[in-house]
>>> print(open('target-v4.tsv').read())   # TSV, C-alpha atoms
chain	number	residue	atom	x	y	z
A	1	MET	CA	1.81	-22.26	6.31
A	2	LEU	CA	-1.81	-21.19	6.67
A	3	ALA	CA	-2.36	-23.97	9.21
A	4	SER	CA	0.13	-22.23	11.51
A	5	PHE	CA	-1.81	-18.96	11.60
A	6	MET	CA	-2.51	-17.94	15.21
A	7	ASP	CA	-1.16	-21.27	16.49
A	8	GLU	CA	-0.26	-20.32	20.04
A	9	GLU	CA	1.51	-23.58	20.80
A	10	SER	CA	4.13	-23.29	18.04
A	11	ALA	CA	4.38	-19.48	17.91
A	12	ASP	CA	7.58	-17.76	18.98
A	13	VAL	CA	6.34	-14.19	18.41
A	14	VAL	CA	3.45	-12.41	20.11
A	15	PHE	CA	2.17	-9.11	18.74
A	16	GLU	CA	0.23	-7.02	21.25
A	17	VAL	CA	-1.87	-4.61	19.19
A	18	GLU	CA	-3.42	-1.81	21.21
A	19	GLU	CA	-6.59	0.10	20.38
A	20	GLU	CA	-8.30	2.70	22.54
A	21	GLU	CA	-11.80	1.61	23.45
A	22	GLU	CA	-14.32	4.14	22.21
A	23	ARG	CA	-17.05	5.28	24.58
A	24	GLU	CA	-20.26	7.17	24.06
A	25	GLY	CA	-19.84	10.91	23.65
A	26	ASN	CA	-16.66	10.52	21.53
A	27	GLY	CA	-14.65	9.66	24.62
A	28	TYR	CA	-11.98	6.98	24.87
A	29	GLY	CA	-11.25	4.54	27.65
A	30	LYS	CA	-8.21	2.50	28.47
A	31	PRO	CA	-6.37	0.84	25.57
A	32	ARG	CA	-7.61	-2.62	24.69
A	33	THR	CA	-4.97	-5.13	23.64
A	34	THR	CA	-5.49	-7.85	21.03
A	35	ILE	CA	-2.99	-10.69	20.92
A	36	PHE	CA	-1.67	-12.20	17.67
A	37	HIS	CA	0.60	-15.24	17.63
A	38	ALA	CA	3.15	-15.55	14.85
A	39	HIS	CA	6.30	-17.35	13.79
A	40	ARG	CA	9.63	-15.65	13.24
A	41	LEU	CA	10.59	-17.96	10.36
A	42	ILE	CA	7.43	-17.15	8.42
A	43	LEU	CA	7.83	-13.45	9.09
A	44	GLN	CA	11.42	-13.55	7.85
A	45	LYS	CA	10.27	-15.08	4.56
A	46	CYS	CA	7.09	-13.08	3.94
A	47	GLY	CA	7.15	-10.06	6.24
A	48	ALA	CA	10.75	-9.05	6.79
A	49	GLN	CA	10.02	-5.70	8.44
A	50	LEU	CA	7.74	-7.32	10.98
A	51	ALA	CA	10.47	-9.89	11.63
A	52	GLU	CA	12.92	-7.03	12.16
A	53	LEU	CA	10.70	-5.66	14.93
A	54	CYS	CA	11.32	-8.84	16.86
A	55	SER	CA	14.99	-7.93	17.14
A	56	GLY	CA	14.13	-4.76	19.06
A	57	ASN	CA	16.41	-2.61	16.90
A	58	GLY	CA	14.75	0.78	17.02
A	59	GLY	CA	11.29	-0.71	16.84
A	60	PRO	CA	8.33	-0.86	19.22
A	61	THR	CA	8.64	-2.04	22.77
A	62	THR	CA	9.80	-5.64	22.85
A	63	ALA	CA	10.23	-8.22	25.56
A	64	THR	CA	11.57	-11.74	25.47
A	65	THR	CA	10.44	-14.64	27.62
A	66	THR	CA	12.06	-18.06	27.72
A	67	SER	CA	10.38	-21.31	28.63
A	68	SER	CA	11.73	-24.82	28.74
A	69	SER	CA	10.76	-25.35	25.09
A	70	GLN	CA	11.38	-22.03	23.31
A	71	THR	CA	12.00	-18.30	23.47
A	72	THR	CA	9.05	-16.01	22.71
A	73	THR	CA	9.36	-12.37	21.69
A	74	ARG	CA	6.54	-9.95	22.50
A	75	VAL	CA	6.14	-6.85	20.33
A	76	SER	CA	3.81	-3.93	21.06
A	77	ILE	CA	2.04	-2.34	18.10
A	78	GLY	CA	0.11	0.88	18.61
A	79	ASP	CA	-0.32	2.42	15.17
A	80	VAL	CA	-2.57	-0.16	13.46
A	81	ARG	CA	-6.08	-1.20	14.40
A	82	PRO	CA	-6.31	-4.88	15.37
A	83	VAL	CA	-8.70	-5.69	12.51
A	84	ILE	CA	-6.22	-4.24	10.00
A	85	PHE	CA	-3.25	-6.00	11.61
A	86	ARG	CA	-5.14	-9.29	11.44
A	87	HIS	CA	-5.76	-8.82	7.72
A	88	MET	CA	-2.07	-8.06	7.18
A	89	LEU	CA	-0.82	-10.99	9.25
A	90	HIS	CA	-3.35	-13.37	7.69
A	91	TYR	CA	-2.17	-12.23	4.23
A	92	ILE	CA	1.43	-13.03	5.18
A	93	TYR	CA	0.29	-16.56	6.07
A	94	GLY	CA	-1.30	-17.00	2.64
A	95	THR	CA	-4.90	-15.78	2.81
A	96	GLU	CA	-6.37	-13.03	0.62
A	97	VAL	CA	-8.21	-10.17	2.24
A	98	PRO	CA	-11.96	-10.54	1.52
A	99	PRO	CA	-12.96	-8.10	-1.25
A	100	ASP	CA	-15.52	-6.24	0.87
A	101	ASP	CA	-13.01	-5.77	3.69
A	102	LEU	CA	-10.33	-4.68	1.23
A	103	LYS	CA	-12.68	-2.08	-0.25
A	104	ALA	CA	-13.92	-0.80	3.10
A	105	ASN	CA	-10.44	-0.50	4.63
A	106	ALA	CA	-8.27	0.18	1.57
A	107	ARG	CA	-6.48	3.24	2.92
A	108	GLU	CA	-5.79	1.73	6.33
A	109	ILE	CA	-4.47	-1.44	4.70
A	110	ILE	CA	-2.26	0.63	2.40
A	111	ASP	CA	-0.94	2.56	5.42
A	112	ALA	CA	-0.11	-0.61	7.37
A	113	ALA	CA	1.29	-2.54	4.41
A	114	ASP	CA	3.42	0.43	3.41
A	115	LYS	CA	4.77	0.88	6.93
A	116	TYR	CA	5.58	-2.80	7.42
A	117	GLY	CA	6.76	-3.60	3.90
A	118	ILE	CA	4.03	-5.97	2.70
A	119	ALA	CA	4.30	-4.70	-0.86
A	120	ASN	CA	1.90	-7.08	-2.62
A	121	LEU	CA	-0.86	-6.36	-0.13
A	122	LYS	CA	-0.28	-2.63	-0.53
A	123	LEU	CA	-0.57	-2.92	-4.32
A	124	GLU	CA	-3.76	-4.99	-4.07
A	125	ALA	CA	-5.33	-2.46	-1.71
A	126	GLU	CA	-4.24	0.39	-3.97
A	127	ALA	CA	-5.78	-1.25	-7.04
A	128	CYS	CA	-9.00	-1.81	-5.10
A	129	LEU	CA	-9.01	1.84	-4.00
A	130	VAL	CA	-8.57	3.02	-7.58
A	131	ARG	CA	-11.37	0.75	-8.84
A	132	SER	CA	-13.81	1.76	-6.13
A	133	THR	CA	-13.10	5.51	-5.99
A	134	VAL	CA	-14.87	8.11	-8.07
A	135	ILE	CA	-12.38	10.95	-8.46
A	136	ASP	CA	-13.88	14.42	-8.77
A	137	VAL	CA	-12.83	18.02	-8.25
A	138	ALA	CA	-13.81	17.84	-4.59
A	139	ASN	CA	-11.49	14.95	-3.69
A	140	ALA	CA	-8.81	15.06	-6.38
A	141	MET	CA	-6.24	16.96	-4.31
A	142	ASP	CA	-6.78	14.77	-1.25
A	143	HIS	CA	-6.18	11.63	-3.30
A	144	LEU	CA	-3.20	13.20	-5.05
A	145	LEU	CA	-1.47	14.18	-1.81
A	146	TYR	CA	-2.20	10.80	-0.25
A	147	ALA	CA	-0.91	8.93	-3.31
A	148	ASP	CA	2.27	10.98	-3.31
A	149	ALA	CA	2.87	10.44	0.42
A	150	LYS	CA	2.44	6.66	0.18
A	151	ASN	CA	4.11	6.17	-3.23
A	152	CYS	CA	0.84	4.88	-4.66
A	153	ALA	CA	1.77	5.39	-8.29
A	154	LEU	CA	-1.41	3.83	-9.72
A	155	LEU	CA	-3.68	6.07	-7.64
A	156	LYS	CA	-1.58	9.11	-8.51
A	157	GLU	CA	-1.82	8.27	-12.19
A	158	ALA	CA	-5.61	7.98	-11.93
A	159	VAL	CA	-5.82	11.43	-10.32
A	160	VAL	CA	-3.48	12.99	-12.88
A	161	ASP	CA	-5.50	11.44	-15.72
A	162	PHE	CA	-8.62	13.02	-14.20
A	163	ILE	CA	-6.87	16.41	-13.99
A	164	VAL	CA	-5.84	16.24	-17.65
A	165	GLU	CA	-9.27	15.12	-18.82
A	166	ASN	CA	-11.02	17.82	-16.77
A	167	LYS	CA	-8.38	20.55	-16.91
A	168	LEU	CA	-10.70	23.53	-17.26
A	169	GLU	CA	-12.89	22.54	-14.32
A	170	VAL	CA	-9.82	21.70	-12.23
A	171	LEU	CA	-8.22	25.08	-13.00
A	172	GLU	CA	-11.38	26.87	-11.93
A	173	ARG	CA	-12.22	24.90	-8.80
A	174	VAL	CA	-9.08	23.22	-7.45
A	175	SER	CA	-6.15	24.98	-5.83
A	176	LEU	CA	-2.91	23.41	-7.01
A	177	ARG	CA	-0.82	25.46	-4.61
A	178	ASP	CA	-0.11	22.46	-2.41
A	179	ALA	CA	0.34	20.00	-5.27
A	180	PRO	CA	3.29	17.61	-4.78
A	181	GLY	CA	6.55	18.13	-6.59
A	182	GLY	CA	6.91	16.40	-9.92
A	183	LEU	CA	3.26	16.95	-10.86
A	184	LEU	CA	4.25	18.64	-14.13
A	185	ALA	CA	6.13	15.53	-15.29
A	186	ASP	CA	3.14	13.34	-14.40
A	187	VAL	CA	0.78	15.66	-16.29
A	188	LEU	CA	3.03	15.64	-19.37
A	189	ALA	CA	3.20	11.84	-19.26
A	190	ALA	CA	-0.61	11.68	-19.09
A	191	VAL	CA	-0.93	14.07	-22.03
A	192	ALA	CA	1.57	12.01	-24.02
A	193	ARG	CA	-0.37	8.80	-23.30
A	194	GLY	CA	-3.56	10.50	-24.43
A	195	ASP	CA	-1.92	11.66	-27.65
A	196	ARG	CA	-0.60	8.14	-28.26
A	197	ARG	CA	-4.05	6.60	-27.79
A	198	SER	CA	-5.49	9.05	-30.33
A	199	LYS	CA	-3.08	7.85	-33.01
A	200	ASP	CA	-3.64	4.85	-35.23
A	201	THR	CA	-0.80	2.48	-34.33
A	202	SER	CA	-2.13	-0.58	-36.10
A	203	GLY	CA	0.50	-0.36	-38.82
A	204	GLY	CA	3.46	-1.22	-36.62
A	205	ASN	CA	5.46	-0.24	-33.55
A	206	ASP	CA	4.89	3.25	-32.25
A	207	GLU	CA	8.17	4.67	-30.97
A	208	ASP	CA	6.35	6.47	-28.16
A	209	GLU	CA	5.21	3.13	-26.75
A	210	GLN	CA	8.81	2.30	-26.01
A	211	LEU	CA	9.40	5.46	-23.95
A	212	LEU	CA	9.49	4.68	-20.25
A	213	SER	CA	8.49	8.26	-19.44
A	214	THR	CA	5.08	7.81	-21.07
A	215	MET	CA	4.30	4.26	-19.98
A	216	ALA	CA	1.24	3.63	-17.84
A	217	ILE	CA	1.99	2.49	-14.30
A	218	SER	CA	0.54	-0.95	-15.01
A	219	ASP	CA	2.99	-1.36	-17.89
A	220	LEU	CA	5.93	-0.12	-15.84
A	221	ARG	CA	5.07	-2.52	-13.04
A	222	ARG	CA	4.72	-5.39	-15.50
A	223	SER	CA	8.19	-4.63	-16.87
A	224	MET	CA	9.59	-4.50	-13.34
A	225	TYR	CA	7.97	-7.84	-12.50
A	226	GLU	CA	9.35	-9.49	-15.63
A	227	LYS	CA	12.84	-8.37	-14.63
A	228	GLY	CA	12.40	-9.61	-11.08
A	229	LEU	CA	12.47	-6.09	-9.62
A	230	ASP	CA	10.43	-4.56	-6.80
A	231	VAL	CA	7.19	-3.27	-8.34
A	232	ASP	CA	6.35	-0.89	-5.48
A	233	GLY	CA	7.42	2.74	-5.70
A	234	SER	CA	6.78	6.04	-7.42
A	235	ARG	CA	6.76	6.51	-11.20
A	236	GLU	CA	10.18	8.12	-10.97
A	237	ALA	CA	11.58	5.22	-8.94
A	238	LEU	CA	10.18	2.60	-11.32
A	239	ILE	CA	11.60	4.37	-14.37
A	240	ALA	CA	15.01	4.83	-12.73
A	241	SER	CA	15.14	1.15	-11.75
A	242	LEU	CA	14.21	0.01	-15.25
A	243	LYS	CA	16.88	2.23	-16.78
A	244	GLU	CA	19.49	0.88	-14.38
A	245	ASN	CA	18.55	-2.70	-15.21
A	246	SER	CA	18.01	-2.36	-18.96
>>> encode(input="target-v4.tsv", output="C-alpha cells")
Amino acid sequence: MLASFMDEESADVVFEVEEEEEREGNGYGKPRTTIFHAHRLILQKCGAQLAELCSGNGGPTTATTTSSSQTTTRVSIGDVRPVIFRHMLHYIYGTEVPPDDLKANAREIIDAADKYGIANLKLEAEACLVRSTVIDVANAMDHLLYADAKNCALLKEAVVDFIVENKLEVLERVSLRDAPGGLLADVLAAVARGDRRSKDTSGGNDEDEQLLSTMAISDLRRSMYEKGLDVDGSREALIASLKENS
C-alpha cells in the first residue's frame, strides 16, 4: 500500500490543498495549491471520511474528470496546511509521522485527524502532546478547553490531574468561569484515583479499581480496544460504551 502513495498514474483521487502564501509584512498573496494523489479504495479502508468527500455529498468542492482509462475525482481542501495533510495522507498509506514533526505539529495534526476521522493518528498526536507539554497555571485552561473541544480525553485528564495536585494555586490564579461542563465529575474521578493510589492494594483486588468512573483514560481505552470498540472519545463516551457492551 505504501508503494502507491502519491502514484499519479494509478490514482483516481486528487486532493487540491490550498494555502495562502505569506508575504513580508504579515501580508498574504494568492492561495498556493499543493496536489496530492490518492486512491479511493485505500481511502475507503483507512480514511473513510476522506473517501466520503469524493462523493461530493455536502463536502468541499469536487469535480470529476473521465479519461479513456479511469475516472478521477478532484477534491478541494482549504482548512488544513499542505504539510499537515501530507502527514495525514502518508499515515493512511502506512507510514508513521516522524517524532519531531509529530511533536512540532501535534495540535494541527489532532485538528485534521479529528475532522477527517483518522482516529489512531489523532490519539498518537494527543499522546505526544501530553508527553511534551508542561502544564502550568498559565496554560491549564487553554489546554482544558482545547481538550474538551476535540474530545482529547488523555489531555483533559492530564490537565485535571494538574488542577487537583495544585488546587490552591489554581484557585488563586486561574478563573474557572469558562471551564467546560462535566469538570466536576472529572475532578472527582481524579481525586478518587489519587486516593486509590495512596492505599496499599497488594493484598488483593481493590473494588475501586473495577469502577469505570475512576479508571484512568489509558485503562478505559485499553478496555475499549480489547472489546473491539472505538477508543476515541470523551471519558463519558468511553464509559457509556463500555457499560453498553459489558
>>> residues_near_point(input="target-v4.tsv", point="(-1.9, -9.0, 25.9)", cutoff="9 Å", atoms="only C-alpha atoms", output="ChimeraX atom specification")
/A:14-18,32-36
>>> residues_near_point(input="target-v4.tsv", point="(-7.6, -0.2, -5.5)", cutoff="12 Å", atoms="all atoms listed in the file", output="PDB file with C-alpha atoms, in the frame of the given file")
ATOM      1  CA  PRO A  99     -12.960  -8.100  -1.250  1.00  0.00           C
ATOM      2  CA  ASP A 100     -15.520  -6.240   0.870  1.00  0.00           C
ATOM      3  CA  LEU A 102     -10.330  -4.680   1.230  1.00  0.00           C
ATOM      4  CA  LYS A 103     -12.680  -2.080  -0.250  1.00  0.00           C
ATOM      5  CA  ALA A 104     -13.920  -0.800   3.100  1.00  0.00           C
ATOM      6  CA  ASN A 105     -10.440  -0.500   4.630  1.00  0.00           C
ATOM      7  CA  ALA A 106      -8.270   0.180   1.570  1.00  0.00           C
ATOM      8  CA  ARG A 107      -6.480   3.240   2.920  1.00  0.00           C
ATOM      9  CA  ILE A 109      -4.470  -1.440   4.700  1.00  0.00           C
ATOM     10  CA  ILE A 110      -2.260   0.630   2.400  1.00  0.00           C
ATOM     11  CA  LEU A 121      -0.860  -6.360  -0.130  1.00  0.00           C
ATOM     12  CA  LYS A 122      -0.280  -2.630  -0.530  1.00  0.00           C
ATOM     13  CA  LEU A 123      -0.570  -2.920  -4.320  1.00  0.00           C
ATOM     14  CA  GLU A 124      -3.760  -4.990  -4.070  1.00  0.00           C
ATOM     15  CA  ALA A 125      -5.330  -2.460  -1.710  1.00  0.00           C
ATOM     16  CA  GLU A 126      -4.240   0.390  -3.970  1.00  0.00           C
ATOM     17  CA  ALA A 127      -5.780  -1.250  -7.040  1.00  0.00           C
ATOM     18  CA  CYS A 128      -9.000  -1.810  -5.100  1.00  0.00           C
ATOM     19  CA  LEU A 129      -9.010   1.840  -4.000  1.00  0.00           C
ATOM     20  CA  VAL A 130      -8.570   3.020  -7.580  1.00  0.00           C
ATOM     21  CA  ARG A 131     -11.370   0.750  -8.840  1.00  0.00           C
ATOM     22  CA  SER A 132     -13.810   1.760  -6.130  1.00  0.00           C
ATOM     23  CA  THR A 133     -13.100   5.510  -5.990  1.00  0.00           C
ATOM     24  CA  VAL A 134     -14.870   8.110  -8.070  1.00  0.00           C
ATOM     25  CA  ALA A 147      -0.910   8.930  -3.310  1.00  0.00           C
ATOM     26  CA  CYS A 152       0.840   4.880  -4.660  1.00  0.00           C
ATOM     27  CA  ALA A 153       1.770   5.390  -8.290  1.00  0.00           C
ATOM     28  CA  LEU A 154      -1.410   3.830  -9.720  1.00  0.00           C
ATOM     29  CA  LEU A 155      -3.680   6.070  -7.640  1.00  0.00           C
ATOM     30  CA  LYS A 156      -1.580   9.110  -8.510  1.00  0.00           C
ATOM     31  CA  ALA A 158      -5.610   7.980 -11.930  1.00  0.00           C
TER      32      ALA A 158
END
>>> residues_around(input="target-v4.tsv", residues="Arg40 of chain A", least_positions_apart="2", cutoff="10 Å", atoms="all atoms listed in the file", output="PyMOL selection string")
chain A and resi 11-14+38+42-48+50-52+54+72-73
>>> write_last_selection(input="target-v4.tsv", atoms="C-alpha atoms", output="tab-separated table (two decimals), keeping the file's coordinate frame")
chain	number	residue	atom	x	y	z
A	11	ALA	CA	4.38	-19.48	17.91
A	12	ASP	CA	7.58	-17.76	18.98
A	13	VAL	CA	6.34	-14.19	18.41
A	14	VAL	CA	3.45	-12.41	20.11
A	38	ALA	CA	3.15	-15.55	14.85
A	42	ILE	CA	7.43	-17.15	8.42
A	43	LEU	CA	7.83	-13.45	9.09
A	44	GLN	CA	11.42	-13.55	7.85
A	45	LYS	CA	10.27	-15.08	4.56
A	46	CYS	CA	7.09	-13.08	3.94
A	47	GLY	CA	7.15	-10.06	6.24
A	48	ALA	CA	10.75	-9.05	6.79
A	50	LEU	CA	7.74	-7.32	10.98
A	51	ALA	CA	10.47	-9.89	11.63
A	52	GLU	CA	12.92	-7.03	12.16
A	54	CYS	CA	11.32	-8.84	16.86
A	72	THR	CA	9.05	-16.01	22.71
A	73	THR	CA	9.36	-12.37	21.69
>>> atom_distance(input="target-v4.tsv", atom1="atom CA of Leu53 of chain A", atom2="atom CA of Ile77 of chain A")
9.8 Å
>>> residues_around(input="target-v4.tsv", residues="segment 213-225 of chain A", least_positions_apart="6", cutoff="8 Å", atoms="all atoms listed in the file", output="ChimeraX atom specification")
/A:153-154,157,189-190,192-193,231-232,235,238-239,242
>>> write_last_selection(input="target-v4.tsv", atoms="C-alpha atoms", output="compact mmCIF listing (two decimals), in the coordinates of the input")
# COMPACT_ATOMS: atom_id res chain seq x y z
CA ALA A 153 1.77 5.39 -8.29
CA LEU A 154 -1.41 3.83 -9.72
CA GLU A 157 -1.82 8.27 -12.19
CA ALA A 189 3.20 11.84 -19.26
CA ALA A 190 -0.61 11.68 -19.09
CA ALA A 192 1.57 12.01 -24.02
CA ARG A 193 -0.37 8.80 -23.30
CA VAL A 231 7.19 -3.27 -8.34
CA ASP A 232 6.35 -0.89 -5.48
CA ARG A 235 6.76 6.51 -11.20
CA LEU A 238 10.18 2.60 -11.32
CA ILE A 239 11.60 4.37 -14.37
CA LEU A 242 14.21 0.01 -15.25
>>> atom_distance(input="target-v4.tsv", atom1="atom CA of Ala140 of chain A", atom2="atom CA of Phe162 of chain A")
8.1 Å
>>> residues_around(input="target-v4.tsv", residues="Leu145 of chain A", least_positions_apart="4", cutoff="9 Å", atoms="only C-alpha atoms", output="list of chain:residue names")
A:Ala140, A:Met141, A:Ala149, A:Lys150, A:Lys156, A:Asp178, A:Ala179, A:Pro180
>>> write_last_selection(input="target-v4.tsv", atoms="C-alpha atoms", output="short mmCIF file (atom, residue, chain, number, x, y, z; two decimals), keeping the file's coordinate frame")
data_model
loop_
_atom_site.label_atom_id
_atom_site.label_comp_id
_atom_site.auth_asym_id
_atom_site.auth_seq_id
_atom_site.Cartn_x
_atom_site.Cartn_y
_atom_site.Cartn_z
CA ALA A 140 -8.81 15.06 -6.38
CA MET A 141 -6.24 16.96 -4.31
CA ALA A 149 2.87 10.44 0.42
CA LYS A 150 2.44 6.66 0.18
CA LYS A 156 -1.58 9.11 -8.51
CA ASP A 178 -0.11 22.46 -2.41
CA ALA A 179 0.34 20.00 -5.27
CA PRO A 180 3.29 17.61 -4.78
#
>>> atom_distance(input="target-v4.tsv", atom1="atom CA of Asp195 of chain A", atom2="atom CA of Leu211 of chain A")
13.4 Å
>>> residues_around(input="target-v4.tsv", residues="Ile84 of chain A", least_positions_apart="4", cutoff="9 Å", atoms="all atoms listed in the file", output="mmCIF file with C-alpha atoms, in the frame of the given file")
data_model
loop_
_atom_site.group_PDB
_atom_site.id
_atom_site.type_symbol
_atom_site.label_atom_id
_atom_site.label_comp_id
_atom_site.auth_asym_id
_atom_site.auth_seq_id
_atom_site.Cartn_x
_atom_site.Cartn_y
_atom_site.Cartn_z
ATOM 1 C CA VAL A 80 -2.570 -0.160 13.460
ATOM 2 C CA MET A 88 -2.070 -8.060 7.180
ATOM 3 C CA LEU A 89 -0.820 -10.990 9.250
ATOM 4 C CA ASN A 105 -10.440 -0.500 4.630
ATOM 5 C CA GLU A 108 -5.790 1.730 6.330
ATOM 6 C CA ILE A 109 -4.470 -1.440 4.700
ATOM 7 C CA ALA A 112 -0.110 -0.610 7.370
#
>>> closest_residue(input="target-v4.tsv", among="A:Leu184, A:Lys30, A:Ala113, A:Ser234", to="Tyr91 of chain A", atoms="all atoms listed in the file")
A:Ala113
>>> closest_residue(input="target-v4.tsv", among="A:Ala240, A:Gly181, A:Val191, A:Asp7", to="Lys167 of chain A", atoms="all atoms listed in the file")
A:Val191
>>> axis_aligned_box(input="target-v4.tsv", around="segment 102-117 of chain A", padding_each_side="6 Å", output="lines of an AutoDock Vina configuration file")
center_x = -3.6
center_y = -0.7
center_z = 3.6
size_x = 32.7
size_y = 19.9
size_z = 19.7
